file run-v4.cif (mmCIF, C-alpha atoms)
data_my_file
loop_
_atom_site.group_PDB
_atom_site.id
_atom_site.type_symbol
_atom_site.label_atom_id
_atom_site.label_comp_id
_atom_site.auth_asym_id
_atom_site.auth_seq_id
_atom_site.Cartn_x
_atom_site.Cartn_y
_atom_site.Cartn_z
ATOM 1 C CA HIS A 65 221.685 36.241 157.989
ATOM 2 C CA ARG A 66 221.126 32.543 158.635
ATOM 3 C CA ASP A 67 223.610 29.929 159.522
ATOM 4 C CA LEU A 68 223.621 27.401 156.655
ATOM 5 C CA HIS A 69 224.616 24.607 158.984
ATOM 6 C CA SER A 70 221.337 24.838 160.881
ATOM 7 C CA PHE A 71 219.441 23.055 158.067
ATOM 8 C CA PRO A 72 219.593 19.268 158.082
ATOM 9 C CA THR A 73 221.691 17.916 155.252
ATOM 10 C CA ARG A 74 221.048 14.714 153.372
ATOM 11 C CA ARG A 75 223.818 12.284 152.935
ATOM 12 C CA SER A 76 224.798 11.354 149.408
ATOM 13 C CA SER A 77 224.167 7.683 150.223
ATOM 14 C CA ASP A 78 220.519 8.523 151.068
ATOM 15 C CA LEU A 79 220.142 10.363 147.760
ATOM 16 C CA LEU A 80 221.692 7.449 145.897
ATOM 17 C CA GLU A 81 219.265 4.990 147.527
ATOM 18 C CA GLU A 82 216.303 7.193 146.615
ATOM 19 C CA GLN A 83 217.494 7.462 143.025
ATOM 20 C CA GLN A 84 217.998 3.690 142.784
ATOM 21 C CA ALA A 85 214.511 3.078 144.183
ATOM 22 C CA LEU A 86 213.069 5.514 141.647
ATOM 23 C CA ILE A 87 214.932 3.810 138.813
ATOM 24 C CA GLN A 88 213.613 0.412 139.908
ATOM 25 C CA GLN A 89 210.084 1.800 140.033
ATOM 26 C CA LEU A 90 210.474 3.250 136.533
ATOM 27 C CA VAL A 91 211.796 -0.072 135.218
ATOM 28 C CA ARG A 92 208.800 -1.911 136.739
ATOM 29 C CA SER A 93 206.437 0.646 135.204
ATOM 30 C CA LYS A 94 208.100 0.235 131.807
ATOM 31 C CA VAL A 95 207.743 -3.560 131.988
ATOM 32 C CA LEU A 96 204.046 -3.239 132.909
ATOM 33 C CA LEU A 97 203.465 -0.794 130.054
ATOM 34 C CA GLU A 98 205.201 -3.120 127.602
ATOM 35 C CA LYS A 99 203.021 -6.035 128.765
ATOM 36 C CA ALA A 100 199.873 -3.932 128.428
ATOM 37 C CA LYS A 101 200.933 -2.807 124.945
ATOM 38 C CA ALA A 102 201.619 -6.413 123.894
ATOM 39 C CA GLU A 103 198.207 -7.492 125.218
ATOM 40 C CA LEU A 104 196.473 -4.659 123.338
ATOM 41 C CA GLU A 105 198.313 -5.573 120.143
ATOM 42 C CA LYS A 106 197.346 -9.227 120.623
ATOM 43 C CA ARG A 107 193.702 -8.324 121.151
ATOM 44 C CA SER A 108 193.754 -5.968 118.191
ATOM 45 C CA GLY A 109 195.248 -8.764 116.099
ATOM 46 C CA GLU A 110 192.518 -11.160 117.260
ATOM 47 C CA TYR A 111 189.896 -8.551 116.379
ATOM 48 C CA GLU A 112 191.376 -8.082 112.892
ATOM 49 C CA GLN A 113 191.640 -11.852 112.401
ATOM 50 C CA LEU A 114 188.015 -12.363 113.431
ATOM 51 C CA ALA A 115 186.817 -9.453 111.282
ATOM 52 C CA GLN A 116 188.723 -10.835 108.287
ATOM 53 C CA ALA A 117 187.392 -14.377 108.795
ATOM 54 C CA LEU A 118 183.811 -13.077 108.973
ATOM 55 C CA ARG A 119 184.054 -10.316 106.366
ATOM 56 C CA GLU A 120 181.283 -11.776 104.173
ATOM 57 C CA GLU A 121 178.882 -12.117 107.101
ATOM 58 C CA ILE A 122 179.729 -8.587 108.236
ATOM 59 C CA ALA A 123 179.195 -7.228 104.718
ATOM 60 C CA THR A 124 175.769 -8.867 104.422
ATOM 61 C CA GLY A 125 174.723 -7.620 107.867
ATOM 62 C CA GLN A 126 174.402 -11.091 109.413
ATOM 63 C CA VAL A 127 177.188 -10.355 111.894
ATOM 64 C CA GLU A 128 178.295 -7.204 113.706
ATOM 65 C CA ILE A 129 181.672 -7.039 115.403
ATOM 66 C CA SER A 130 182.991 -4.354 117.737
ATOM 67 C CA GLU A 131 185.653 -3.839 120.363
ATOM 68 C CA LEU A 132 185.407 -1.584 123.393
ATOM 69 C CA ARG A 133 187.766 -1.425 126.375
ATOM 70 C CA GLY A 134 189.425 -4.694 125.440
ATOM 71 C CA ARG A 135 186.129 -6.548 125.167
ATOM 72 C CA MET A 136 185.292 -7.918 121.758
ATOM 73 C CA THR A 137 181.614 -8.296 120.899
ATOM 74 C CA LEU A 138 180.334 -10.426 118.066
ATOM 75 C CA ARG A 139 176.605 -10.068 117.473
ATOM 76 C CA LEU A 140 174.640 -12.390 115.190
ATOM 77 C CA LYS A 141 171.229 -11.261 114.074
ATOM 78 C CA ASP A 142 168.738 -13.440 115.913
ATOM 79 C CA GLN A 143 166.610 -13.982 112.828
ATOM 80 C CA ILE A 144 169.446 -15.919 111.193
ATOM 81 C CA LEU A 145 169.718 -18.150 114.256
ATOM 82 C CA PHE A 146 166.232 -18.809 115.644
ATOM 83 C CA ALA A 147 162.600 -18.760 114.708
ATOM 84 C CA SER A 148 160.355 -16.771 117.021
ATOM 85 C CA GLY A 149 159.868 -18.551 120.344
ATOM 86 C CA SER A 150 162.414 -21.254 119.455
ATOM 87 C CA ALA A 151 165.883 -22.222 120.673
ATOM 88 C CA ALA A 152 166.557 -24.528 117.714
ATOM 89 C CA ILE A 153 169.329 -23.106 115.528
ATOM 90 C CA ASN A 154 168.125 -22.914 111.933
ATOM 91 C CA ARG A 155 170.089 -23.825 108.771
ATOM 92 C CA GLU A 156 171.242 -20.273 108.053
ATOM 93 C CA GLY A 157 172.308 -19.882 111.680
ATOM 94 C CA ARG A 158 174.311 -23.118 111.610
ATOM 95 C CA ALA A 159 176.156 -21.952 108.496
ATOM 96 C CA ALA A 160 177.033 -18.616 110.165
ATOM 97 C CA LEU A 161 178.059 -20.342 113.407
ATOM 98 C CA ASP A 162 180.289 -22.735 111.455
ATOM 99 C CA ARG A 163 182.285 -19.737 110.224
ATOM 100 C CA VAL A 164 182.266 -18.155 113.701
ATOM 101 C CA ALA A 165 183.503 -21.412 115.260
ATOM 102 C CA SER A 166 186.276 -21.657 112.688
ATOM 103 C CA ALA A 167 187.393 -18.114 113.560
ATOM 104 C CA LEU A 168 187.143 -18.721 117.326
ATOM 105 C CA ARG A 169 189.088 -21.991 117.426
ATOM 106 C CA GLY A 170 192.383 -20.096 117.578
ATOM 107 C CA ILE A 171 191.377 -17.865 120.486
ATOM 108 C CA ARG A 172 193.118 -18.643 123.779
ATOM 109 C CA GLY A 173 192.936 -17.147 127.258
ATOM 110 C CA ARG A 174 189.585 -15.418 126.861
ATOM 111 C CA THR A 175 186.141 -16.238 128.116
ATOM 112 C CA LEU A 176 183.690 -16.500 125.256
ATOM 113 C CA ARG A 177 180.339 -15.595 126.775
ATOM 114 C CA VAL A 178 177.341 -16.342 124.597
ATOM 115 C CA GLU A 179 174.430 -14.115 125.550
ATOM 116 C CA GLY A 180 170.848 -14.978 124.693
ATOM 117 C CA TYR A 181 168.099 -12.379 124.352
ATOM 118 C CA THR A 182 164.420 -12.285 123.486
ATOM 119 C CA ASP A 183 161.898 -9.615 122.667
ATOM 120 C CA ASN A 184 159.159 -8.717 125.128
ATOM 121 C CA VAL A 185 156.481 -10.899 123.559
ATOM 122 C CA PRO A 186 155.383 -13.453 126.174
ATOM 123 C CA VAL A 187 156.066 -17.065 125.267
ATOM 124 C CA GLY A 188 153.009 -19.180 124.565
ATOM 125 C CA PRO A 189 151.538 -21.133 127.485
ATOM 126 C CA SER A 190 151.726 -24.403 125.536
ATOM 127 C CA GLY A 191 155.398 -24.022 124.579
ATOM 128 C CA PRO A 192 158.402 -25.626 126.250
ATOM 129 C CA TYR A 193 159.573 -22.402 127.902
ATOM 130 C CA PRO A 194 157.683 -20.909 130.848
ATOM 131 C CA SER A 195 159.103 -17.425 130.180
ATOM 132 C CA ASN A 196 161.537 -15.439 128.062
ATOM 133 C CA TRP A 197 164.208 -16.092 130.717
ATOM 134 C CA GLU A 198 164.235 -19.793 129.896
ATOM 135 C CA LEU A 199 164.031 -19.147 126.158
ATOM 136 C CA SER A 200 166.986 -16.733 126.147
ATOM 137 C CA THR A 201 169.066 -19.099 128.275
ATOM 138 C CA ALA A 202 168.173 -22.071 126.067
ATOM 139 C CA ARG A 203 169.269 -20.064 123.014
ATOM 140 C CA ALA A 204 172.614 -19.216 124.606
ATOM 141 C CA VAL A 205 173.185 -22.840 125.616
ATOM 142 C CA ALA A 206 172.245 -24.055 122.120
ATOM 143 C CA VAL A 207 174.902 -21.782 120.605
ATOM 144 C CA VAL A 208 177.509 -22.808 123.219
ATOM 145 C CA ARG A 209 176.881 -26.492 122.518
ATOM 146 C CA TYR A 210 177.042 -25.911 118.767
ATOM 147 C CA LEU A 211 180.364 -24.045 119.063
ATOM 148 C CA GLN A 212 181.743 -26.835 121.255
ATOM 149 C CA GLU A 213 180.676 -29.439 118.669
ATOM 150 C CA ARG A 214 182.565 -27.401 116.064
ATOM 151 C CA GLY A 215 185.829 -27.487 118.010
ATOM 152 C CA VAL A 216 185.753 -24.363 120.182
ATOM 153 C CA ASP A 217 187.401 -25.115 123.536
ATOM 154 C CA PRO A 218 184.526 -25.663 126.004
ATOM 155 C CA THR A 219 186.617 -24.427 128.933
ATOM 156 C CA LEU A 220 186.436 -20.956 127.346
ATOM 157 C CA LEU A 221 182.671 -20.998 126.797
ATOM 158 C CA ALA A 222 179.939 -19.599 129.041
ATOM 159 C CA ALA A 223 176.226 -19.017 128.480
ATOM 160 C CA ALA A 224 173.995 -16.245 129.828
ATOM 161 C CA GLY A 225 170.319 -15.499 129.277
ATOM 162 C CA TYR A 226 168.953 -11.968 129.550
ATOM 163 C CA GLY A 227 165.377 -12.572 128.506
ATOM 164 C CA GLU A 228 163.560 -9.404 127.569
ATOM 165 C CA PHE A 229 165.157 -7.300 130.292
ATOM 166 C CA HIS A 230 168.347 -6.168 128.530
ATOM 167 C CA PRO A 231 167.048 -5.483 125.042
ATOM 168 C CA VAL A 232 169.567 -4.905 122.274
ATOM 169 C CA ALA A 233 166.917 -2.743 120.600
ATOM 170 C CA ALA A 234 163.749 -1.058 121.784
ATOM 171 C CA ASN A 235 160.744 -3.376 121.608
ATOM 172 C CA ASP A 236 158.650 -0.672 119.960
ATOM 173 C CA THR A 237 158.386 -1.969 116.373
ATOM 174 C CA PRO A 238 158.140 -5.402 114.742
ATOM 175 C CA GLU A 239 161.602 -4.865 113.165
ATOM 176 C CA ASN A 240 163.207 -4.067 116.526
ATOM 177 C CA LYS A 241 161.572 -7.062 118.154
#
call {"tool": "encode", "arguments": {"input": "run-v4.cif", "output": "C-alpha cells"}}
result
Amino acid sequence: HRDLHSFPTRRSSDLLEEQQALIQQLVRSKVLLEKAKAELEKRSGEYEQLAQALREEIATGQVEISELRGRMTLRLKDQILFASGSAAINREGRAALDRVASALRGIRGRTLRVEGYTDNVPVGPSGPYPSNWELSTARAVAVVRYLQERGVDPTLLAAAGYGEFHPVAANDTPENK
C-alpha cells in the first residue's frame, strides 16, 4: 500500500500554462499549413494558366510542361529554337517564345531559369563557340534576352548552360541528339 501523497503533484496553473502553450503551437501550425496550402493553390493555378496559354504548342509537341515538388518546368524542343551549332533563335522558335513570354508576363515571385543544353557533338573549330559549354550558355542567354524584350521581368530571369553534360536524352541516336 503506497501513500498517494508521496508522488509529486502538478499544480493546475502549470497544466493550464502547458495547455495554452500547446494551443498556441497548434494555432501557429495551422497558420503555416494554410499558407502552404495557399502557395500550392497559387502554383497550381499558375501551372494551369500556363498550360492553357500554351495548349496548342503542347498539343503539337513543341512544348512540354510539368510540375514536380513545386517546380514548374517548361521544355521547348531545341529544334524549334536553334539550328545545330547555333545560338540564333529561328523564326519558329521566336513564334513559340512569343507565346511563352505572353504566358510568363503575369508570373511574380519566381525565378525563371532558362537552361541551355547541347548534344555531345563537338562544335566546329571555325565556329564562334570553343565548346558546347559556351554554345549552351549562349542559347540560354539568347532566350533570356528574347523573353526580356517581350516584357518578361528581367529581375526574375536567369540563364544556365549545361553543355553536353546533363543531357535531356541519351546521345545514342540522331533523334535523341
call {"tool": "residues_around", "arguments": {"input": "run-v4.cif", "residues": "stretch 127-131 of chain A", "least_positions_apart": "4", "cutoff": "10 Å", "atoms": "all atoms listed in the file", "output": "list of chain:residue names"}}
result
A:Arg107, A:Ser108, A:Tyr111, A:Leu114, A:Ala115, A:Leu118, A:Arg119, A:Glu120, A:Glu121, A:Ile122, A:Ala123, A:Arg135, A:Met136, A:Thr137, A:Leu138, A:Arg139, A:Leu140, A:Lys141, A:Asp142, A:Ile144, A:Ala160, A:Val164
call {"tool": "write_last_selection", "arguments": {"input": "run-v4.cif", "atoms": "C-alpha atoms", "output": "PDB file, in the coordinates of the input"}}
result
ATOM      1  CA  ARG A 107     193.702  -8.324 121.151  1.00  0.00           C
ATOM      2  CA  SER A 108     193.754  -5.968 118.191  1.00  0.00           C
ATOM      3  CA  TYR A 111     189.896  -8.551 116.379  1.00  0.00           C
ATOM      4  CA  LEU A 114     188.015 -12.363 113.431  1.00  0.00           C
ATOM      5  CA  ALA A 115     186.817  -9.453 111.282  1.00  0.00           C
ATOM      6  CA  LEU A 118     183.811 -13.077 108.973  1.00  0.00           C
ATOM      7  CA  ARG A 119     184.054 -10.316 106.366  1.00  0.00           C
ATOM      8  CA  GLU A 120     181.283 -11.776 104.173  1.00  0.00           C
ATOM      9  CA  GLU A 121     178.882 -12.117 107.101  1.00  0.00           C
ATOM     10  CA  ILE A 122     179.729  -8.587 108.236  1.00  0.00           C
ATOM     11  CA  ALA A 123     179.195  -7.228 104.718  1.00  0.00           C
ATOM     12  CA  ARG A 135     186.129  -6.548 125.167  1.00  0.00           C
ATOM     13  CA  MET A 136     185.292  -7.918 121.758  1.00  0.00           C
ATOM     14  CA  THR A 137     181.614  -8.296 120.899  1.00  0.00           C
ATOM     15  CA  LEU A 138     180.334 -10.426 118.066  1.00  0.00           C
ATOM     16  CA  ARG A 139     176.605 -10.068 117.473  1.00  0.00           C
ATOM     17  CA  LEU A 140     174.640 -12.390 115.190  1.00  0.00           C
ATOM     18  CA  LYS A 141     171.229 -11.261 114.074  1.00  0.00           C
ATOM     19  CA  ASP A 142     168.738 -13.440 115.913  1.00  0.00           C
ATOM     20  CA  ILE A 144     169.446 -15.919 111.193  1.00  0.00           C
ATOM     21  CA  ALA A 160     177.033 -18.616 110.165  1.00  0.00           C
ATOM     22  CA  VAL A 164     182.266 -18.155 113.701  1.00  0.00           C
TER      23      VAL A 164
END
call {"tool": "axis_aligned_box", "arguments": {"input": "run-v4.cif", "around": "stretch 75-92 of chain A", "padding_each_side": "3 Å", "output": "AutoDock Vina command-line options"}}
result
--center_x 216.8 --center_y 5.2 --center_z 144.1 --size_x 22.0 --size_y 20.2 --size_z 23.7
call {"tool": "closest_residue", "arguments": {"input": "run-v4.cif", "among": "A:Pro238, A:Pro192, A:Gly215, A:Gly225", "to": "A:Ala167", "atoms": "all atoms listed in the file"}}
result
A:Gly215
call {"tool": "closest_residue", "arguments": {"input": "run-v4.cif", "among": "A:Gly191, A:Arg174, A:Arg158, A:Arg163", "to": "A:Arg209", "atoms": "all atoms listed in the file"}}
result
A:Arg158
call {"tool": "closest_residue", "arguments": {"input": "run-v4.cif", "among": "A:Arg203, A:Arg214, A:Arg155, A:His230", "to": "A:Asp183", "atoms": "only C-alpha atoms"}}
result
A:His230
call {"tool": "atom_distance", "arguments": {"input": "run-v4.cif", "atom1": "atom CA of A:Gly180", "atom2": "atom CA of A:Pro194"}}
result
15.7 Å
call {"tool": "atom_distance", "arguments": {"input": "run-v4.cif", "atom1": "atom CA of A:Trp197", "atom2": "atom CA of A:Leu161"}}
result
22.6 Å
call {"tool": "resolve_selection", "arguments": {"input": "run-v4.cif", "expression": "the PyMOL selection byres ((chain A and resi 202) around 9)", "output": "JSON list (two decimals) with C-alpha atoms, in the frame of the given file"}}
result
[["chain", "number", "residue", "atom", "x", "y", "z"],
["A", 150, "SER", "CA", 162.41, -21.25, 119.46],
["A", 151, "ALA", "CA", 165.88, -22.22, 120.67],
["A", 152, "ALA", "CA", 166.56, -24.53, 117.71],
["A", 180, "GLY", "CA", 170.85, -14.98, 124.69],
["A", 193, "TYR", "CA", 159.57, -22.40, 127.90],
["A", 197, "TRP", "CA", 164.21, -16.09, 130.72],
["A", 198, "GLU", "CA", 164.24, -19.79, 129.90],
["A", 199, "LEU", "CA", 164.03, -19.15, 126.16],
["A", 200, "SER", "CA", 166.99, -16.73, 126.15],
["A", 201, "THR", "CA", 169.07, -19.10, 128.28],
["A", 203, "ARG", "CA", 169.27, -20.06, 123.01],
["A", 204, "ALA", "CA", 172.61, -19.22, 124.61],
["A", 205, "VAL", "CA", 173.18, -22.84, 125.62],
["A", 206, "ALA", "CA", 172.24, -24.06, 122.12],
["A", 207, "VAL", "CA", 174.90, -21.78, 120.60],
["A", 223, "ALA", "CA", 176.23, -19.02, 128.48],
["A", 225, "GLY", "CA", 170.32, -15.50, 129.28]]
call {"tool": "atom_distance", "arguments": {"input": "run-v4.cif", "atom1": "atom CA of A:Val216", "atom2": "atom CA of A:Leu132"}}
result
23.0 Å
call {"tool": "residues_around", "arguments": {"input": "run-v4.cif", "residues": "A:Asn184", "least_positions_apart": "3", "cutoff": "12 Å", "atoms": "only C-alpha atoms", "output": "list of chain:residue names"}}
result
A:Ser148, A:Gly149, A:Tyr181, A:Val187, A:Ser195, A:Asn196, A:Trp197, A:Leu199, A:Ser200, A:Tyr226, A:Gly227, A:Glu228, A:Phe229, A:His230, A:Pro231, A:Val232, A:Ala233, A:Ala234, A:Asn235, A:Asp236, A:Thr237, A:Pro238, A:Asn240, A:Lys241
call {"tool": "closest_residue", "arguments": {"input": "run-v4.cif", "among": "A:Glu82, A:Ala222, A:Ser166, A:Gly125", "to": "A:Val178", "atoms": "only C-alpha atoms"}}
result
A:Ala222
call {"tool": "residues_around", "arguments": {"input": "run-v4.cif", "residues": "A:Leu221", "least_positions_apart": "2", "cutoff": "7 Å", "atoms": "all atoms listed in the file", "output": "list in words"}}
result
Thr175, Leu176, Arg177, Val208, Pro218, Thr219 and Ala223 of chain A
call {"tool": "build_atoms", "arguments": {"input": "run-v4.cif", "residues": "stretch 79-90 of chain A", "atoms": "all heavy atoms", "output": "PDB file, in the coordinates of the input"}}
result
ATOM      1  N   LEU A  79     220.571   9.932 149.090  1.00  0.00           N
ATOM      2  CA  LEU A  79     220.142  10.363 147.760  1.00  0.00           C
ATOM      3  C   LEU A  79     220.315   9.252 146.736  1.00  0.00           C
ATOM      4  O   LEU A  79     219.449   9.019 145.893  1.00  0.00           O
ATOM      5  CB  LEU A  79     220.917  11.609 147.325  1.00  0.00           C
ATOM      6  CG  LEU A  79     220.566  12.912 148.038  1.00  0.00           C
ATOM      7  CD1 LEU A  79     221.531  14.010 147.636  1.00  0.00           C
ATOM      8  CD2 LEU A  79     219.140  13.313 147.702  1.00  0.00           C
ATOM      9  N   LEU A  80     221.420   8.549 146.815  1.00  0.00           N
ATOM     10  CA  LEU A  80     221.692   7.449 145.897  1.00  0.00           C
ATOM     11  C   LEU A  80     220.640   6.348 146.054  1.00  0.00           C
ATOM     12  O   LEU A  80     220.120   5.825 145.071  1.00  0.00           O
ATOM     13  CB  LEU A  80     223.100   6.902 146.135  1.00  0.00           C
ATOM     14  CG  LEU A  80     223.556   5.799 145.185  1.00  0.00           C
ATOM     15  CD1 LEU A  80     223.525   6.285 143.744  1.00  0.00           C
ATOM     16  CD2 LEU A  80     224.946   5.325 145.549  1.00  0.00           C
ATOM     17  N   GLU A  81     220.287   6.016 147.280  1.00  0.00           N
ATOM     18  CA  GLU A  81     219.265   4.990 147.527  1.00  0.00           C
ATOM     19  C   GLU A  81     217.917   5.419 146.958  1.00  0.00           C
ATOM     20  O   GLU A  81     217.195   4.616 146.358  1.00  0.00           O
ATOM     21  CB  GLU A  81     219.128   4.720 149.024  1.00  0.00           C
ATOM     22  CG  GLU A  81     220.223   3.854 149.599  1.00  0.00           C
ATOM     23  CD  GLU A  81     220.040   3.611 151.101  1.00  0.00           C
ATOM     24  OE1 GLU A  81     218.891   3.676 151.577  1.00  0.00           O
ATOM     25  OE2 GLU A  81     221.051   3.370 151.762  1.00  0.00           O
ATOM     26  N   GLU A  82     217.564   6.683 147.145  1.00  0.00           N
ATOM     27  CA  GLU A  82     216.303   7.193 146.615  1.00  0.00           C
ATOM     28  C   GLU A  82     216.289   7.125 145.092  1.00  0.00           C
ATOM     29  O   GLU A  82     215.287   6.739 144.489  1.00  0.00           O
ATOM     30  CB  GLU A  82     216.065   8.630 147.071  1.00  0.00           C
ATOM     31  CG  GLU A  82     215.674   8.755 148.530  1.00  0.00           C
ATOM     32  CD  GLU A  82     215.520  10.203 148.962  1.00  0.00           C
ATOM     33  OE1 GLU A  82     215.340  11.077 148.093  1.00  0.00           O
ATOM     34  OE2 GLU A  82     215.579  10.459 150.178  1.00  0.00           O
ATOM     35  N   GLN A  83     217.409   7.498 144.484  1.00  0.00           N
ATOM     36  CA  GLN A  83     217.494   7.462 143.025  1.00  0.00           C
ATOM     37  C   GLN A  83     217.411   6.020 142.510  1.00  0.00           C
ATOM     38  O   GLN A  83     216.732   5.743 141.525  1.00  0.00           O
ATOM     39  CB  GLN A  83     218.781   8.135 142.549  1.00  0.00           C
ATOM     40  CG  GLN A  83     218.753   9.636 142.727  1.00  0.00           C
ATOM     41  CD  GLN A  83     220.076  10.286 142.403  1.00  0.00           C
ATOM     42  OE1 GLN A  83     221.109   9.616 142.322  1.00  0.00           O
ATOM     43  NE2 GLN A  83     220.061  11.598 142.224  1.00  0.00           N
ATOM     44  N   GLN A  84     218.064   5.085 143.198  1.00  0.00           N
ATOM     45  CA  GLN A  84     217.998   3.690 142.784  1.00  0.00           C
ATOM     46  C   GLN A  84     216.587   3.142 142.925  1.00  0.00           C
ATOM     47  O   GLN A  84     216.100   2.398 142.069  1.00  0.00           O
ATOM     48  CB  GLN A  84     218.989   2.848 143.591  1.00  0.00           C
ATOM     49  CG  GLN A  84     220.434   3.100 143.197  1.00  0.00           C
ATOM     50  CD  GLN A  84     221.425   2.385 144.123  1.00  0.00           C
ATOM     51  OE1 GLN A  84     221.102   2.054 145.257  1.00  0.00           O
ATOM     52  NE2 GLN A  84     222.639   2.177 143.615  1.00  0.00           N
ATOM     53  N   ALA A  85     215.898   3.521 143.991  1.00  0.00           N
ATOM     54  CA  ALA A  85     214.511   3.078 144.183  1.00  0.00           C
ATOM     55  C   ALA A  85     213.613   3.641 143.078  1.00  0.00           C
ATOM     56  O   ALA A  85     212.742   2.943 142.554  1.00  0.00           O
ATOM     57  CB  ALA A  85     214.010   3.504 145.561  1.00  0.00           C
ATOM     58  N   LEU A  86     213.842   4.897 142.711  1.00  0.00           N
ATOM     59  CA  LEU A  86     213.069   5.514 141.647  1.00  0.00           C
ATOM     60  C   LEU A  86     213.332   4.825 140.311  1.00  0.00           C
ATOM     61  O   LEU A  86     212.404   4.558 139.540  1.00  0.00           O
ATOM     62  CB  LEU A  86     213.395   7.013 141.566  1.00  0.00           C
ATOM     63  CG  LEU A  86     212.638   7.819 140.518  1.00  0.00           C
ATOM     64  CD1 LEU A  86     211.138   7.730 140.757  1.00  0.00           C
ATOM     65  CD2 LEU A  86     213.090   9.271 140.529  1.00  0.00           C
ATOM     66  N   ILE A  87     214.578   4.510 140.054  1.00  0.00           N
ATOM     67  CA  ILE A  87     214.932   3.810 138.813  1.00  0.00           C
ATOM     68  C   ILE A  87     214.258   2.446 138.761  1.00  0.00           C
ATOM     69  O   ILE A  87     213.696   2.052 137.739  1.00  0.00           O
ATOM     70  CB  ILE A  87     216.475   3.690 138.674  1.00  0.00           C
ATOM     71  CG1 ILE A  87     217.069   5.062 138.385  1.00  0.00           C
ATOM     72  CG2 ILE A  87     216.851   2.688 137.586  1.00  0.00           C
ATOM     73  CD1 ILE A  87     218.583   5.128 138.483  1.00  0.00           C
ATOM     74  N   GLN A  88     214.264   1.724 139.871  1.00  0.00           N
ATOM     75  CA  GLN A  88     213.613   0.412 139.908  1.00  0.00           C
ATOM     76  C   GLN A  88     212.101   0.539 139.662  1.00  0.00           C
ATOM     77  O   GLN A  88     211.502  -0.267 138.959  1.00  0.00           O
ATOM     78  CB  GLN A  88     213.871  -0.284 141.246  1.00  0.00           C
ATOM     79  CG  GLN A  88     215.299  -0.784 141.397  1.00  0.00           C
ATOM     80  CD  GLN A  88     215.570  -1.374 142.778  1.00  0.00           C
ATOM     81  OE1 GLN A  88     214.750  -1.237 143.686  1.00  0.00           O
ATOM     82  NE2 GLN A  88     216.715  -2.019 142.923  1.00  0.00           N
ATOM     83  N   GLN A  89     211.518   1.567 140.239  1.00  0.00           N
ATOM     84  CA  GLN A  89     210.084   1.800 140.033  1.00  0.00           C
ATOM     85  C   GLN A  89     209.805   2.118 138.569  1.00  0.00           C
ATOM     86  O   GLN A  89     208.821   1.633 137.997  1.00  0.00           O
ATOM     87  CB  GLN A  89     209.613   2.938 140.933  1.00  0.00           C
ATOM     88  CG  GLN A  89     208.122   3.173 140.874  1.00  0.00           C
ATOM     89  CD  GLN A  89     207.680   4.290 141.819  1.00  0.00           C
ATOM     90  OE1 GLN A  89     208.481   4.877 142.527  1.00  0.00           O
ATOM     91  NE2 GLN A  89     206.397   4.577 141.801  1.00  0.00           N
ATOM     92  N   LEU A  90     210.650   2.921 137.944  1.00  0.00           N
ATOM     93  CA  LEU A  90     210.474   3.250 136.533  1.00  0.00           C
ATOM     94  C   LEU A  90     210.636   2.015 135.647  1.00  0.00           C
ATOM     95  O   LEU A  90     209.879   1.831 134.689  1.00  0.00           O
ATOM     96  CB  LEU A  90     211.473   4.340 136.117  1.00  0.00           C
ATOM     97  CG  LEU A  90     211.202   5.737 136.675  1.00  0.00           C
ATOM     98  CD1 LEU A  90     212.365   6.670 136.366  1.00  0.00           C
ATOM     99  CD2 LEU A  90     209.904   6.290 136.114  1.00  0.00           C
TER     100      LEU A  90
END
